[in-house]
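Novice: For reference, the structure I am asking about is given below.
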Amino acid sequence: MEEASYKSGTVIFSEGDPGASMYVVLSGKVKIVKKARGVDKTLAVFGPGDFFGEMAIISGKPRSASAVAEEDCRLQVLERPDFLSMVQCNRKEDRMTLSVMEKLCDRLRDTDLQIENLLIGDHLNRVADALAQMKPGVSVGDVAGRVGLPKERVGGIVAKLAAAGGVSAAGERIESLNEEKLRKYRDIQTQVVDLRGEDDTLRIHRLLKSARPGTWLSILGDSNTLETQTRKMAESMGYRVIESVATGDGEWQATVEV
């Protein structure tokens with residue numbers, strides 16, 4: 001096995017890269033990061049004696065997260081062919097062991113995707129993100145379970161995505177997915193502003209005027225009057241109200257496309 005050294009801040013591999021090797025930390029520290037809506041979130045930090053990158057070397061699938069040297073570090077590198085030669089795969093038992101490891105890696109990869117989804121703050125973006133990873137035939141309940149939101153809330157969002165052409169649905173069953181449109185709804189940057197307990201229409205006006213074009217502004221409030229004024233101001237500025245829904249206890253959330 002070869003050794004490699006990396007300076008602090010160096011990217012060892014990036015999410016989506018082909019996975020051809022795993023690493024053992026000999027010295028220093030390495031952090032595993034996942035990008036959610038343009039922001040890197042640290043999932044784990046590994047030190048001497050720890051290993052990482054094993055999911056890709058076992059399954060042969062692209063990296064599910066990025067690895068960055070948090071400190072100057074020295075790593076031992078194990079390439080996929082060398083790993084497979086260690087697991088001879090000649091006996092039936094060896095092939096079964098490798099099959100189990102591949103299945104475990106697939107499950108861990110799915111867990112990484114769910115973690116990434118939970119890092120998304122806006123409900124509409126979160127549902128679109130989950131649907132972009134799922135297959136036709138899933139139910140609203142399936143999506144709700146994945147994103148951790150009430151089924152009724154997800155049903156309303158699915159209806160809006162259907163109206164926008166992101167999905168087609170029959171009852172609670174989602175029959176087809178438009179991945180291109182879902183990616184747009186997933187990736188759009190949303191600014192969430194909590195105005196609950198306030199009644200400041202001037203602040204809403206300033207928020208709408210200062211919002212960056214191509215983004216969404218999601219306003220949380222607890223006043224029907226404020227919701228109506230938000231809608232009127234947005235429409236008078238030529239912006240589109242993506243959704244405006246009650247979220248419980250008299251509260252509501254209005255999302256405006258700027």
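Please note that chains go A, B, ... in the order of the structure tokens, that every chain numbers its residues from 1, and that ligands are numbered from 1 in the order shown.
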Which residues, written as a short mmCIF file (atom, residue, chain, number, x, y, z; two decimals) with N, CA and C atoms, in the first residue's frame, have at least one atom at most 7 Å from segment 19-31 of chain A, with only C-alpha atoms counted and residues fewer than 6 positions away on the same chain left out?

Specialist:
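Output file around.cif is given in full below:
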data_model
loop_
_atom_site.label_atom_id
_atom_site.label_comp_id
_atom_site.auth_asym_id
_atom_site.auth_seq_id
_atom_site.Cartn_x
_atom_site.Cartn_y
_atom_site.Cartn_z
N THR A 42 -20.14 19.43 7.89
CA THR A 42 -19.23 18.37 8.31
C THR A 42 -20.02 17.20 8.89
N ALA A 44 -18.31 14.07 9.66
CA ALA A 44 -17.43 13.32 10.56
C ALA A 44 -16.01 13.87 10.44
N VAL A 45 -15.22 13.65 11.50
CA VAL A 45 -13.80 14.00 11.50
C VAL A 45 -13.03 12.75 11.93
N PHE A 46 -12.02 12.35 11.13
CA PHE A 46 -11.26 11.13 11.40
C PHE A 46 -9.82 11.48 11.77
N GLY A 47 -9.28 10.74 12.75
CA GLY A 47 -7.91 10.93 13.18
C GLY A 47 -7.10 9.65 13.01
N PRO A 48 -5.89 9.61 13.55
CA PRO A 48 -5.00 8.45 13.39
C PRO A 48 -5.69 7.13 13.79
N GLY A 49 -5.56 6.14 12.89
CA GLY A 49 -6.17 4.84 13.13
C GLY A 49 -7.53 4.68 12.48
N ASP A 50 -8.16 5.79 12.13
CA ASP A 50 -9.47 5.73 11.46
C ASP A 50 -9.28 5.51 9.95
N PHE A 51 -10.31 5.02 9.30
CA PHE A 51 -10.28 4.86 7.84
C PHE A 51 -11.53 5.48 7.24
N PHE A 52 -11.47 5.84 5.96
CA PHE A 52 -12.60 6.44 5.27
C PHE A 52 -12.49 6.13 3.79
N GLY A 53 -13.59 6.35 3.05
CA GLY A 53 -13.61 6.08 1.63
C GLY A 53 -13.93 4.65 1.30
N GLU A 54 -14.31 3.86 2.33
CA GLU A 54 -14.53 2.43 2.11
C GLU A 54 -15.79 2.13 1.31
N ALA A 56 -17.04 3.59 -1.41
CA ALA A 56 -16.81 3.59 -2.86
C ALA A 56 -15.92 2.43 -3.29
N ILE A 57 -14.92 2.07 -2.46
CA ILE A 57 -14.01 1.00 -2.86
C ILE A 57 -14.72 -0.35 -2.87
N GLY A 60 -17.86 0.41 -5.71
CA GLY A 60 -17.44 0.89 -7.02
C GLY A 60 -18.25 2.07 -7.52
N LYS A 61 -19.11 2.63 -6.67
CA LYS A 61 -19.95 3.76 -7.06
C LYS A 61 -19.26 5.08 -6.73
N PRO A 62 -19.75 6.20 -7.29
CA PRO A 62 -19.12 7.50 -7.02
C PRO A 62 -19.16 7.86 -5.53
N ARG A 63 -18.26 8.75 -5.14
CA ARG A 63 -18.18 9.21 -3.75
C ARG A 63 -19.49 9.89 -3.33
N ALA A 67 -13.91 14.53 1.04
CA ALA A 67 -12.94 14.41 2.13
C ALA A 67 -11.93 15.54 2.01
N VAL A 68 -11.71 16.25 3.13
CA VAL A 68 -10.81 17.41 3.14
C VAL A 68 -9.85 17.27 4.32
N ALA A 69 -8.59 17.55 4.10
CA ALA A 69 -7.60 17.51 5.18
C ALA A 69 -7.87 18.67 6.15
N GLU A 70 -8.24 18.34 7.37
CA GLU A 70 -8.48 19.39 8.37
C GLU A 70 -7.16 19.86 8.97
N GLU A 71 -6.18 18.98 9.00
CA GLU A 71 -4.82 19.30 9.41
C GLU A 71 -3.87 18.67 8.38
N ASP A 72 -2.61 19.07 8.41
CA ASP A 72 -1.63 18.34 7.61
C ASP A 72 -1.74 16.87 7.99
N CYS A 73 -1.84 15.99 7.01
CA CYS A 73 -2.06 14.59 7.34
C CYS A 73 -1.27 13.66 6.42
N ARG A 74 -1.05 12.47 6.93
CA ARG A 74 -0.39 11.42 6.17
C ARG A 74 -1.33 10.22 6.15
N LEU A 75 -1.58 9.70 4.94
CA LEU A 75 -2.57 8.66 4.76
C LEU A 75 -1.96 7.44 4.08
N GLN A 76 -2.49 6.29 4.44
CA GLN A 76 -2.17 5.06 3.72
C GLN A 76 -3.29 4.80 2.73
N VAL A 77 -2.94 4.50 1.49
CA VAL A 77 -3.92 4.38 0.42
C VAL A 77 -4.04 2.92 -0.02
N LEU A 78 -5.28 2.44 -0.02
CA LEU A 78 -5.56 1.08 -0.48
C LEU A 78 -6.43 1.16 -1.73
N GLU A 79 -5.90 0.71 -2.87
CA GLU A 79 -6.63 0.77 -4.12
C GLU A 79 -7.65 -0.37 -4.19
N ARG A 80 -8.70 -0.17 -4.99
CA ARG A 80 -9.77 -1.16 -5.11
C ARG A 80 -9.27 -2.54 -5.57
#

Novice: Please identify all polymer residues within 8 Å of Pro136 of chain A, counting only C-alpha atoms, omitting same-chain residues fewer than 2 positions from it, and present them as a PyMOL selection string.

Specialist: chain A and resi 134+138+174-177

Novice: Store the residues picked out above, limited to all heavy atoms, as an mmCIF file, in the first residue's frame.

Specialist:
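The result, written out as part-v8.cif:
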data_model
loop_
_atom_site.group_PDB
_atom_site.id
_atom_site.type_symbol
_atom_site.label_atom_id
_atom_site.label_comp_id
_atom_site.auth_asym_id
_atom_site.auth_seq_id
_atom_site.Cartn_x
_atom_site.Cartn_y
_atom_site.Cartn_z
ATOM 1 N N MET A 134 -36.048 9.583 -5.837
ATOM 2 C CA MET A 134 -36.964 8.451 -5.746
ATOM 3 C C MET A 134 -37.433 8.011 -7.138
ATOM 4 O O MET A 134 -37.097 8.635 -8.146
ATOM 5 C CB MET A 134 -38.144 8.814 -4.835
ATOM 6 C CG MET A 134 -37.700 9.231 -3.439
ATOM 7 S SD MET A 134 -39.037 9.797 -2.336
ATOM 8 C CE MET A 134 -39.573 8.224 -1.663
ATOM 9 N N VAL A 138 -44.000 5.883 -5.956
ATOM 10 C CA VAL A 138 -43.997 6.117 -4.516
ATOM 11 C C VAL A 138 -45.258 6.881 -4.120
ATOM 12 O O VAL A 138 -45.913 7.525 -4.954
ATOM 13 C CB VAL A 138 -42.746 6.900 -4.069
ATOM 14 C CG1 VAL A 138 -41.487 6.120 -4.355
ATOM 15 C CG2 VAL A 138 -42.698 8.268 -4.742
ATOM 16 N N ILE A 174 -47.585 8.948 -6.839
ATOM 17 C CA ILE A 174 -46.829 9.779 -7.777
ATOM 18 C C ILE A 174 -46.438 8.909 -8.961
ATOM 19 O O ILE A 174 -45.650 7.972 -8.828
ATOM 20 C CB ILE A 174 -45.592 10.381 -7.092
ATOM 21 C CG1 ILE A 174 -46.057 11.292 -5.946
ATOM 22 C CG2 ILE A 174 -44.745 11.162 -8.089
ATOM 23 C CD1 ILE A 174 -44.982 11.688 -4.989
ATOM 24 N N GLU A 175 -47.003 9.220 -10.130
ATOM 25 C CA GLU A 175 -46.873 8.326 -11.280
ATOM 26 C C GLU A 175 -45.638 8.586 -12.118
ATOM 27 O O GLU A 175 -45.079 7.668 -12.718
ATOM 28 C CB GLU A 175 -48.133 8.426 -12.146
ATOM 29 C CG GLU A 175 -49.402 7.948 -11.423
ATOM 30 C CD GLU A 175 -50.618 7.973 -12.322
ATOM 31 O OE1 GLU A 175 -50.672 8.857 -13.200
ATOM 32 O OE2 GLU A 175 -51.499 7.109 -12.147
ATOM 33 N N SER A 176 -45.202 9.845 -12.213
ATOM 34 C CA SER A 176 -44.011 10.146 -13.006
ATOM 35 C C SER A 176 -43.302 11.358 -12.424
ATOM 36 O O SER A 176 -43.898 12.163 -11.702
ATOM 37 C CB SER A 176 -44.374 10.411 -14.475
ATOM 38 O OG SER A 176 -45.153 11.589 -14.591
ATOM 39 N N LEU A 177 -42.006 11.467 -12.733
ATOM 40 C CA LEU A 177 -41.163 12.536 -12.202
ATOM 41 C C LEU A 177 -40.435 13.229 -13.339
ATOM 42 O O LEU A 177 -39.926 12.573 -14.250
ATOM 43 C CB LEU A 177 -40.122 11.959 -11.228
ATOM 44 C CG LEU A 177 -40.640 11.077 -10.089
ATOM 45 C CD1 LEU A 177 -39.479 10.388 -9.394
ATOM 46 C CD2 LEU A 177 -41.429 11.900 -9.091
#

Novice: How far is it from atom CA of Lys232 of chain A to atom CA of His205 of chain A, in Å with one decimal?

Specialist: 10.4 Å

Novice: Find the distance between atom CA of Pro18 of chain A and atom CA of Lys35 of chain A and write it in Å to one decimal.

Specialist: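 Separating atom CA of Pro18 of chain A from atom CA of Lys35 of chain A is a distance of 17.1 Å.
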
Novice: Measure the distance from atom CA of Leu84 of chain A to atom CA of Asp17 of chain A in Å and round it to one decimal.

Specialist: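 The value is 19.7 Å.
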
Novice: Considering only C-alpha atoms, can you say which of A:Arg203, A:Arg231, A:Lys41, A:Arg186 comes closest to Thr215 of chain A?

Specialist: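 Nearest to Thr215 of chain A: A:Arg186.
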
Novice: Near His123 of chain A, counting only C-alpha atoms, which residues have an atom at most 10 Å away, once you skip same-chain residues fewer than 5 positions from it, shown as an MDAnalysis selection string?

Specialist: chainID A and resid 118 128:129 147:149 153:154 157 186 218 253

Novice: For the selection you just gave me, I'd like the residues written to a file as a short mmCIF file (atom, residue, chain, number, x, y, z; two decimals), in the first residue's frame, keeping N, CA and C atoms.

Specialist:
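Result went into result-v3.cif, see below:
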data_model
loop_
_atom_site.label_atom_id
_atom_site.label_comp_id
_atom_site.auth_asym_id
_atom_site.auth_seq_id
_atom_site.Cartn_x
_atom_site.Cartn_y
_atom_site.Cartn_z
N LEU A 118 -32.15 16.55 5.04
CA LEU A 118 -32.57 17.18 6.29
C LEU A 118 -31.84 18.50 6.53
N ALA A 128 -38.82 18.43 -3.08
CA ALA A 128 -38.31 18.29 -4.44
C ALA A 128 -37.02 17.49 -4.46
N ASP A 129 -36.15 17.73 -3.48
CA ASP A 129 -34.89 16.99 -3.38
C ASP A 129 -35.15 15.50 -3.18
N VAL A 147 -38.71 12.74 4.34
CA VAL A 147 -38.32 14.13 4.63
C VAL A 147 -38.66 14.56 6.05
N GLY A 148 -39.42 13.73 6.79
CA GLY A 148 -39.74 14.07 8.16
C GLY A 148 -40.74 15.20 8.31
N LEU A 149 -41.71 15.27 7.40
CA LEU A 149 -42.75 16.29 7.45
C LEU A 149 -44.12 15.61 7.51
N ARG A 153 -48.86 18.10 4.81
CA ARG A 153 -48.00 19.17 4.31
C ARG A 153 -47.33 18.73 3.01
N VAL A 154 -46.84 17.50 2.99
CA VAL A 154 -46.18 16.99 1.78
C VAL A 154 -47.18 16.88 0.63
N ILE A 157 -47.54 20.18 -1.01
CA ILE A 157 -46.36 20.53 -1.81
C ILE A 157 -46.32 19.73 -3.10
N ARG A 186 -35.22 21.93 -6.29
CA ARG A 186 -34.36 21.49 -5.21
C ARG A 186 -33.21 22.46 -4.97
N SER A 218 -38.88 33.05 1.56
CA SER A 218 -39.91 32.30 2.29
C SER A 218 -40.14 32.99 3.63
N GLN A 253 -46.85 30.11 5.89
CA GLN A 253 -45.57 30.28 5.21
C GLN A 253 -45.84 30.64 3.76
#

Novice: Compare A:Ile32, A:Leu220, A:Ala234, A:Leu182 by their minimum atom-to-atom distance to Arg206 of chain A, counting only C-alpha atoms, and give me the closest one.

Specialist: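 The closest residue to Arg206 of chain A is A:Ala234.
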
Novice: DSSP on the backbone, strand (DSSP E) only: what residues of segment 172-220 of chain A does that give? Format it as number ranges by chain.

Specialist: A: 173-177, 190-194, 216-220

Novice: Can you write just those residues out, all heavy atoms, as a CSV table (one decimal), in the first residue's frame?

Specialist:
chain,number,residue,atom,x,y,z
A,173,ARG,N,-50.6,8.7,-5.1
A,173,ARG,CA,-49.6,8.0,-5.8
A,173,ARG,C,-48.9,8.9,-6.9
A,173,ARG,O,-49.6,9.5,-7.6
A,173,ARG,CB,-50.1,6.7,-6.5
A,173,ARG,CG,-49.1,5.8,-7.2
A,173,ARG,CD,-48.3,5.1,-6.1
A,173,ARG,NE,-49.1,4.4,-5.1
A,173,ARG,CZ,-48.6,3.7,-4.1
A,173,ARG,NH1,-47.3,3.8,-3.9
A,173,ARG,NH2,-49.4,3.1,-3.2
A,174,ILE,N,-47.6,8.9,-6.8
A,174,ILE,CA,-46.8,9.8,-7.8
A,174,ILE,C,-46.4,8.9,-9.0
A,174,ILE,O,-45.7,8.0,-8.8
A,174,ILE,CB,-45.6,10.4,-7.1
A,174,ILE,CG1,-46.1,11.3,-5.9
A,174,ILE,CG2,-44.7,11.2,-8.1
A,174,ILE,CD1,-45.0,11.7,-5.0
A,175,GLU,N,-47.0,9.2,-10.1
A,175,GLU,CA,-46.9,8.3,-11.3
A,175,GLU,C,-45.6,8.6,-12.1
A,175,GLU,O,-45.1,7.7,-12.7
A,175,GLU,CB,-48.1,8.4,-12.1
A,175,GLU,CG,-49.4,7.9,-11.4
A,175,GLU,CD,-50.6,8.0,-12.3
A,175,GLU,OE1,-50.7,8.9,-13.2
A,175,GLU,OE2,-51.5,7.1,-12.1
A,176,SER,N,-45.2,9.8,-12.2
A,176,SER,CA,-44.0,10.1,-13.0
A,176,SER,C,-43.3,11.4,-12.4
A,176,SER,O,-43.9,12.2,-11.7
A,176,SER,CB,-44.4,10.4,-14.5
A,176,SER,OG,-45.2,11.6,-14.6
A,177,LEU,N,-42.0,11.5,-12.7
A,177,LEU,CA,-41.2,12.5,-12.2
A,177,LEU,C,-40.4,13.2,-13.3
A,177,LEU,O,-39.9,12.6,-14.2
A,177,LEU,CB,-40.1,12.0,-11.2
A,177,LEU,CG,-40.6,11.1,-10.1
A,177,LEU,CD1,-39.5,10.4,-9.4
A,177,LEU,CD2,-41.4,11.9,-9.1
A,190,THR,N,-33.1,29.6,-1.1
A,190,THR,CA,-34.2,30.2,-0.4
A,190,THR,C,-33.8,30.9,0.8
A,190,THR,O,-33.0,30.4,1.6
A,190,THR,CB,-35.2,29.1,0.0
A,190,THR,OG1,-35.6,28.4,-1.2
A,190,THR,CG2,-36.5,29.7,0.6
A,191,GLN,N,-34.2,32.2,1.0
A,191,GLN,CA,-34.0,32.9,2.2
A,191,GLN,C,-35.2,32.8,3.1
A,191,GLN,O,-36.3,33.2,2.7
A,191,GLN,CB,-33.7,34.4,1.9
A,191,GLN,CG,-33.5,35.2,3.2
A,191,GLN,CD,-33.4,36.7,2.9
A,191,GLN,OE1,-33.5,37.1,1.7
A,191,GLN,NE2,-33.2,37.5,3.9
A,192,VAL,N,-35.1,32.2,4.2
A,192,VAL,CA,-36.2,32.0,5.2
A,192,VAL,C,-36.2,33.1,6.2
A,192,VAL,O,-35.2,33.3,6.9
A,192,VAL,CB,-36.2,30.6,5.8
A,192,VAL,CG1,-37.4,30.4,6.8
A,192,VAL,CG2,-36.2,29.5,4.8
A,193,VAL,N,-37.3,33.9,6.4
A,193,VAL,CA,-37.4,35.0,7.3
A,193,VAL,C,-38.5,34.7,8.3
A,193,VAL,O,-39.7,34.5,7.8
A,193,VAL,CB,-37.6,36.3,6.6
A,193,VAL,CG1,-37.6,37.4,7.7
A,193,VAL,CG2,-36.4,36.6,5.6
A,194,ASP,N,-38.3,34.7,9.5
A,194,ASP,CA,-39.3,34.4,10.6
A,194,ASP,C,-39.9,35.7,11.1
A,194,ASP,O,-39.2,36.5,11.8
A,194,ASP,CB,-38.7,33.6,11.7
A,194,ASP,CG,-39.8,33.0,12.6
A,194,ASP,OD1,-40.9,33.5,12.6
A,194,ASP,OD2,-39.4,32.1,13.4
A,216,TRP,N,-35.6,32.5,-3.9
A,216,TRP,CA,-36.9,32.5,-3.3
A,216,TRP,C,-36.8,33.2,-1.9
A,216,TRP,O,-35.8,33.0,-1.2
A,216,TRP,CB,-37.5,31.1,-3.2
A,216,TRP,CG,-37.8,30.5,-4.5
A,216,TRP,CD1,-37.9,31.1,-5.7
A,216,TRP,CD2,-38.2,29.1,-4.7
A,216,TRP,NE1,-38.3,30.2,-6.7
A,216,TRP,CE2,-38.5,29.0,-6.1
A,216,TRP,CE3,-38.4,28.0,-3.9
A,216,TRP,CZ2,-38.9,27.8,-6.7
A,216,TRP,CZ3,-38.8,26.8,-4.4
A,216,TRP,CH2,-39.0,26.7,-5.8
A,217,LEU,N,-37.9,33.9,-1.6
A,217,LEU,CA,-38.0,34.4,-0.2
A,217,LEU,C,-39.2,33.7,0.5
A,217,LEU,O,-40.3,33.8,0.0
A,217,LEU,CB,-38.3,35.9,-0.3
A,217,LEU,CG,-38.4,36.7,1.0
A,217,LEU,CD1,-37.2,36.6,1.8
A,217,LEU,CD2,-38.8,38.1,0.8
A,218,SER,N,-38.9,33.0,1.6
A,218,SER,CA,-39.9,32.3,2.3
A,218,SER,C,-40.1,33.0,3.6
A,218,SER,O,-39.2,33.1,4.5
A,218,SER,CB,-39.4,30.9,2.5
A,218,SER,OG,-40.5,30.1,3.0
A,219,ILE,N,-41.4,33.5,3.8
A,219,ILE,CA,-41.7,34.3,5.0
A,219,ILE,C,-42.6,33.5,5.9
A,219,ILE,O,-43.7,33.0,5.5
A,219,ILE,CB,-42.3,35.6,4.6
A,219,ILE,CG1,-41.3,36.5,3.8
A,219,ILE,CG2,-42.8,36.4,5.8
A,219,ILE,CD1,-41.9,37.7,3.2
A,220,LEU,N,-42.2,33.4,7.2
A,220,LEU,CA,-43.1,32.7,8.2
A,220,LEU,C,-43.8,33.8,9.0
A,220,LEU,O,-43.1,34.8,9.4
A,220,LEU,CB,-42.2,31.9,9.1
A,220,LEU,CG,-41.4,30.8,8.5
A,220,LEU,CD1,-40.5,30.1,9.6
A,220,LEU,CD2,-42.2,29.7,7.8

Novice: For Val143 of chain A, which of A:Arg196, A:Arg126, A:Lys7, A:Lys160 is the closest residue, counting only C-alpha atoms?

Specialist: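 When distances to Val143 of chain A are compared using only C-alpha atoms, the smallest one comes from A:Arg126.
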
Novice: From the set A:Leu226, A:Ala65, A:Gly155, A:Ile58, which residue has the shortest atom-to-atom contact distance to Ser14 of chain A, counting only C-alpha atoms?

Specialist: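 So, comparing all the options, the nearest one is A:Ala65.
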